[in-house]
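Chemist: Got a file for you: structure.cif, mmCIF, C-alpha atoms.
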```cif
data_run
loop_
_atom_site.label_atom_id
_atom_site.label_comp_id
_atom_site.auth_asym_id
_atom_site.auth_seq_id
_atom_site.Cartn_x
_atom_site.Cartn_y
_atom_site.Cartn_z
CA MET A 28 0.00 0.00 0.00
CA GLY A 29 2.95 2.28 0.62
CA GLY A 30 3.82 2.16 -3.06
CA LEU A 31 0.37 3.42 -4.08
CA LEU A 32 0.51 6.39 -1.72
CA TYR A 33 3.93 7.26 -3.06
CA TRP A 34 2.71 7.31 -6.67
CA LEU A 35 -0.38 9.30 -5.71
CA GLY A 36 1.90 11.88 -4.08
CA VAL A 37 4.08 12.02 -7.22
CA ALA A 38 0.99 12.45 -9.41
CA ARG A 39 -0.31 15.21 -7.11
CA ASP A 40 3.05 17.03 -7.20
CA PHE A 41 3.21 16.64 -10.98
CA ALA A 42 -0.35 18.02 -11.41
CA LEU A 43 0.48 20.93 -9.11
CA ALA A 44 3.65 21.70 -11.12
CA VAL A 45 1.69 21.56 -14.40
CA ALA A 46 -1.00 23.86 -12.96
CA VAL A 47 1.62 26.39 -11.82
CA LEU A 48 3.34 26.27 -15.23
CA VAL A 49 0.02 26.81 -17.04
CA TRP A 50 -0.79 29.70 -14.71
CA VAL A 51 2.62 31.34 -15.31
CA ALA A 52 2.22 30.77 -19.07
CA SER A 53 -1.24 32.38 -19.00
CA ILE A 54 0.22 35.41 -17.18
CA ALA A 55 2.99 35.68 -19.80
CA TRP A 56 0.45 35.38 -22.62
CA VAL A 57 -1.79 38.05 -21.10
CA LEU A 58 1.16 40.45 -20.68
CA ARG A 59 2.38 39.93 -24.24
CA ASP A 60 -1.09 40.16 -25.77
CA ALA A 61 -1.87 43.29 -23.75
CA HIS A 62 1.30 44.88 -25.09
CA ASP A 63 0.42 43.93 -28.70
CA ARG A 64 -3.10 45.33 -28.40
CA GLY A 65 -2.27 48.53 -26.53
CA VAL A 66 -4.00 47.53 -23.28
CA ASN A 67 -2.69 48.53 -19.84
CA ARG A 68 -0.25 45.72 -19.08
CA LEU A 69 -0.39 46.24 -15.32
CA ALA A 70 -4.17 45.89 -15.14
CA ALA A 71 -4.26 42.89 -17.49
CA GLY A 72 -1.37 41.18 -15.69
CA GLY A 73 -2.95 41.90 -12.29
CA LEU A 74 -6.16 40.28 -13.45
CA ALA A 75 -4.28 37.17 -14.58
CA VAL A 76 -2.27 36.99 -11.32
CA VAL A 77 -5.15 37.59 -8.89
CA LEU A 78 -7.55 35.21 -10.63
CA PRO A 79 -5.53 32.20 -11.79
CA PHE A 80 -6.88 30.65 -15.04
CA VAL A 81 -10.10 32.70 -14.80
CA GLY A 82 -8.22 36.02 -15.16
CA ALA A 83 -6.72 35.03 -18.52
CA PHE A 84 -10.15 33.88 -19.70
CA LEU A 85 -11.77 37.18 -18.61
CA TYR A 86 -9.00 39.16 -20.31
CA ALA A 87 -9.56 37.21 -23.53
CA LEU A 88 -13.25 38.18 -23.40
CA VAL A 89 -12.72 41.94 -22.94
CA ARG A 90 -9.52 42.54 -24.93
CA PRO A 91 -9.67 44.65 -28.13
CA ARG A 92 -10.25 42.69 -31.33
CA THR A 93 -7.33 44.13 -33.29
CA ARG A 94 -3.64 44.44 -32.58
CA LEU A 95 -1.84 47.75 -32.87
CA ASP A 96 0.12 46.44 -35.87
CA ASP A 97 -3.11 45.60 -37.68
CA VAL A 98 -4.54 49.04 -36.95
CA ARG A 99 -1.35 50.72 -38.21
CA GLU A 100 -1.30 48.53 -41.33
CA ARG A 101 -4.93 49.44 -42.07
CA GLU A 102 -4.11 53.15 -41.67
CA LEU A 103 -1.18 52.81 -44.08
CA TRP A 104 -3.38 51.04 -46.64
CA LEU A 105 -5.95 53.84 -46.36
CA GLN A 106 -3.23 56.45 -46.83
CA LEU A 107 -1.96 54.59 -49.88
CA ALA A 108 -5.46 54.30 -51.31
CA THR A 109 -6.20 58.00 -50.85
CA ALA A 110 -2.80 58.97 -52.27
CA SER A 111 -3.32 56.81 -55.35
CA ALA A 112 -6.84 58.17 -55.75
CA ARG A 113 -5.40 61.69 -55.97
CA VAL A 114 -3.13 60.73 -58.88
CA PRO A 115 -4.63 62.12 -62.09
CA ARG A 116 -5.59 59.40 -64.54
CA CYS A 117 -6.34 59.33 -68.26
CA PRO A 118 -10.11 59.16 -68.89
CA SER A 119 -9.61 56.64 -71.70
CA CYS A 120 -7.07 54.10 -70.45
CA SER A 121 -6.75 55.02 -66.72
CA ALA A 122 -2.97 55.37 -66.99
CA ALA A 123 -1.33 57.72 -64.49
CA VAL A 124 -0.65 61.11 -66.08
CA GLU A 125 1.05 64.25 -64.83
CA ARG A 126 -0.77 67.55 -64.42
CA ASP A 127 1.17 69.18 -67.27
CA TYR A 128 0.66 66.40 -69.83
CA VAL A 129 -1.15 67.51 -72.95
CA VAL A 130 -1.74 63.98 -74.26
CA CYS A 131 -1.73 60.60 -72.55
CA PRO A 132 1.58 58.82 -73.25
CA SER A 133 -0.19 55.43 -73.31
CA CYS A 134 -3.17 55.97 -75.60
CA THR A 135 -2.52 59.48 -77.07
CA GLU A 136 -5.84 60.80 -75.74
CA VAL A 137 -5.81 64.63 -75.76
CA LEU A 138 -6.02 65.70 -72.12
CA ARG A 139 -5.43 69.47 -72.28
CA ARG A 140 -4.94 72.19 -74.82
CA ARG A 141 -1.91 74.44 -75.13
CA CYS A 142 -2.15 78.17 -74.68
CA SER A 143 -1.73 79.91 -78.02
CA SER A 144 0.36 82.62 -76.39
CA CYS A 145 2.75 80.90 -73.93
CA GLY A 146 2.23 77.20 -74.78
CA ALA A 147 1.35 76.18 -71.20
CA PRO A 148 -1.09 73.28 -70.78
CA ASN A 149 -4.63 74.48 -70.01
CA ASP A 150 -7.79 72.56 -69.18
CA PHE A 151 -10.57 72.70 -71.73
CA ALA A 152 -12.92 74.43 -69.28
CA TRP A 153 -10.59 77.38 -68.68
CA THR A 154 -11.35 80.53 -70.63
CA ALA A 155 -8.09 82.27 -69.71
CA CYS A 156 -4.55 80.96 -69.36
CA PRO A 157 -3.51 81.18 -65.67
CA TYR A 158 0.15 81.58 -66.68
CA CYS A 159 -0.03 84.49 -69.13
CA GLY A 160 -3.63 85.75 -68.85
CA THR A 161 -4.53 85.30 -72.52
CA THR A 162 -8.23 84.59 -73.07
CA GLU A 163 -8.97 81.81 -75.52
CA ASP A 164 -12.00 80.30 -77.16
CA ALA A 165 -12.16 76.52 -76.80
CA GLN A 166 -14.10 76.15 -80.06
CA GLU A 167 -11.33 77.93 -81.95
CA TRP A 168 -8.75 75.60 -80.44
CA ALA A 169 -10.77 72.52 -81.41
CA THR A 170 -10.75 73.55 -85.07
CA LYS A 171 -7.05 74.43 -85.34
CA GLU A 172 -5.47 71.86 -82.97
CA PRO A 173 -6.01 68.68 -85.07
CA ALA A 174 -4.28 70.34 -88.03
CA ARG A 175 -1.40 71.52 -85.83
CA ALA A 176 -1.06 68.12 -84.18
CA ALA A 177 -1.00 66.37 -87.55
CA ALA A 178 1.76 68.70 -88.77
CA GLU A 179 3.92 68.13 -85.66
CA VAL A 180 3.61 64.34 -85.55
CA THR A 181 6.40 62.33 -87.11
CA PRO A 182 5.03 59.20 -88.75
CA LEU A 183 6.29 55.97 -87.28
CA THR A 184 7.94 53.47 -89.57
CA PRO A 185 8.10 49.79 -88.76
CA PRO A 186 11.54 48.57 -87.71
CA ALA A 187 13.68 46.89 -90.31
CA LYS A 188 13.48 43.12 -90.27
CA ARG A 189 16.45 41.52 -88.64
CA ARG A 190 18.24 38.85 -90.58
CA ARG A 191 19.40 35.77 -88.82
CA PRO A 192 23.07 34.95 -89.16
CA ALA A 193 23.84 32.19 -91.62
CA THR A 194 24.28 28.81 -90.00
CA THR A 195 26.71 26.19 -91.17
CA THR A 196 25.01 23.63 -93.36
CA ALA A 197 25.29 20.04 -92.27
CA LYS A 198 24.96 17.03 -94.52
CA ALA A 199 21.45 16.86 -95.83
CA THR A 200 19.71 13.65 -95.03
CA PRO A 201 16.71 12.47 -97.02
CA SER A 202 14.39 12.90 -94.04
CA ALA A 203 15.64 16.43 -93.37
CA THR A 204 15.07 17.78 -96.88
CA PRO A 205 11.83 19.66 -97.22
CA LYS A 206 9.28 18.33 -99.66
CA PRO A 207 7.33 20.62 -101.93
CA ALA A 208 3.85 21.53 -100.76
CA GLY A 209 2.22 19.59 -103.58
CA ALA A 210 4.22 16.38 -103.04
CA LYS A 211 2.34 13.38 -101.75
CA HIS A 212 3.58 11.23 -98.91
CA GLU A 213 4.91 7.94 -100.13
CA SER A 214 4.47 4.89 -98.02
CA ALA A 215 6.38 1.65 -98.30
CA VAL A 216 3.66 -0.90 -97.76
#
```
Using structure tokens, write down the structure from this file.

Modeler:
Amino acid sequence: MGGLLYWLGVARDFALAVAVLVWVASIAWVLRDAHDRGVNRLAAGGLAVVLPFVGAFLYALVRPRTRLDDVRERELWLQLATASARVPRCPSCSAAVERDYVVCPSCTEVLRRRCSSCGAPNDFAWTACPYCGTTEDAQEWATKEPARAAAEVTPLTPPAKRRRPATTTAKATPSATPKPAGAKHESAV
């Protein structure tokens, strides 16, 4: 019977050691999680220390849903989205364009007109150039601009075809020689 009491004592000591280790681990988890979520570490740790096992469970119920890193990442994504939304885009192909572009470099859509006096890019809705003060009529620009654009454009020519370097000719075998398109396939049956 003495052997059974001994093993019961060992099992009790082992269970007590495991319970203390789980309690210490729950305190460490609460402290780390409180730090990650921006919660008062002293209050969260005190709750886990004063109420073993139950304190960590109560903290898990009332803790904030998101970590500080997640909140910061979401803020950065919002900043990126608003910054990219402010980038002017071409109405035809949605390519990013600069404020002083007259045509879209991707699809050649006319974005602005040039001032007839100073040559600065002006929006179509403007009646006066903000750079030199010249008043312009948009209808007049629409009639003369296509002719001016056609005169300034250099026509593109296709690139010259590249020739492959000559390769050394190997012995021609009967199977490697090409047959004329009209030749019929001979079979040796």

Chemist: I need the residue set behind the PyMOL selection byres ((chain A and resi 159) around 9) for this file; please write it as a list in words.

Modeler: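 Against this file, the PyMOL selection byres ((chain A and resi 159) around 9) returns the residues Cys142, Ser144, Cys145, Ala147, Ala155, Cys156, Pro157, Tyr158, Gly160 and Thr161 of chain A.
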
Chemist: Would you work out the distance separating atom CA of Pro132 of chain A from atom CA of Pro148 of chain A, expressed in Å to one decimal?

Modeler: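 Atom-to-atom, atom CA of Pro132 of chain A and atom CA of Pro148 of chain A are spaced 14.9 Å apart.
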
Chemist: What do you get, as a PyMOL selection string, if you spell out every residue that the PyMOL selection byres ((chain A and resi 72-85) around 8) selects here?

Modeler: chain A and resi 50+53-54+57-58+68-71+86-89

Chemist: Kindly give the distance, in Å, that separates atom CA of Leu31 of chain A and atom CA of Leu48 of chain A, rounded to a single decimal.

Modeler: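 Atom CA of Leu48 of chain A lies 25.6 Å from atom CA of Leu31 of chain A.
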
Chemist: Could you check the closest approach to Val124 of chain A for each of A:Ala42, A:Gly36, A:Arg139, A:Glu163 and tell me which residue wins, using only C-alpha atoms?

Modeler: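 Between A:Ala42, A:Gly36, A:Arg139, A:Glu163, the residue approaching Val124 of chain A most closely is A:Arg139.
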
Chemist: Which residues are close to segment 96-110 of chain A, i.e. within 9 Å by all atoms listed in the file, leaving aside same-chain residues fewer than 3 positions away? Reply as number ranges by chain.

Modeler: A: 63-64, 93, 113-114

Chemist: Mind dumping the selected residues with C-alpha atoms as a short mmCIF file (atom, residue, chain, number, x, y, z; two decimals), in the coordinates of the input?

Modeler:
```
data_model
loop_
_atom_site.label_atom_id
_atom_site.label_comp_id
_atom_site.auth_asym_id
_atom_site.auth_seq_id
_atom_site.Cartn_x
_atom_site.Cartn_y
_atom_site.Cartn_z
CA ASP A 63 0.42 43.93 -28.70
CA ARG A 64 -3.10 45.33 -28.40
CA THR A 93 -7.33 44.13 -33.29
CA ARG A 113 -5.40 61.69 -55.97
CA VAL A 114 -3.13 60.73 -58.88
#
```

Chemist: Under the rule that only C-alpha atoms are counted, which of A:Leu35, A:Gly146, A:Val66, A:Ala112 is the nearest residue to Tyr128 of chain A?

Modeler: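 Once distances to Tyr128 of chain A are computed over only C-alpha atoms, the minimum belongs to A:Gly146.
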
Chemist: So how many Å separate atom CA of Gly65 of chain A and atom CA of Ala46 of chain A, to one decimal?

Modeler: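 A separation of 28.2 Å between them.
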
Chemist: Each side padded by 3 Å, which centre and which edge lengths in Å (one decimal) define the axis-aligned box around the listed atoms of segment 86-96 of chain A? Give them as AutoDock Vina command-line options.

Modeler:
```
--center_x -6.6 --center_y 42.5 --center_z -28.1 --size_x 19.4 --size_y 16.5 --size_z 21.6
```

Chemist: Please tell me which residues are no farther than 9 Å from (-4.1, 55.0, -75.6) in the file, counting all atoms listed in the file, and write them as a PyMOL selection string.

Modeler: chain A and resi 117+119-120+122+131-136
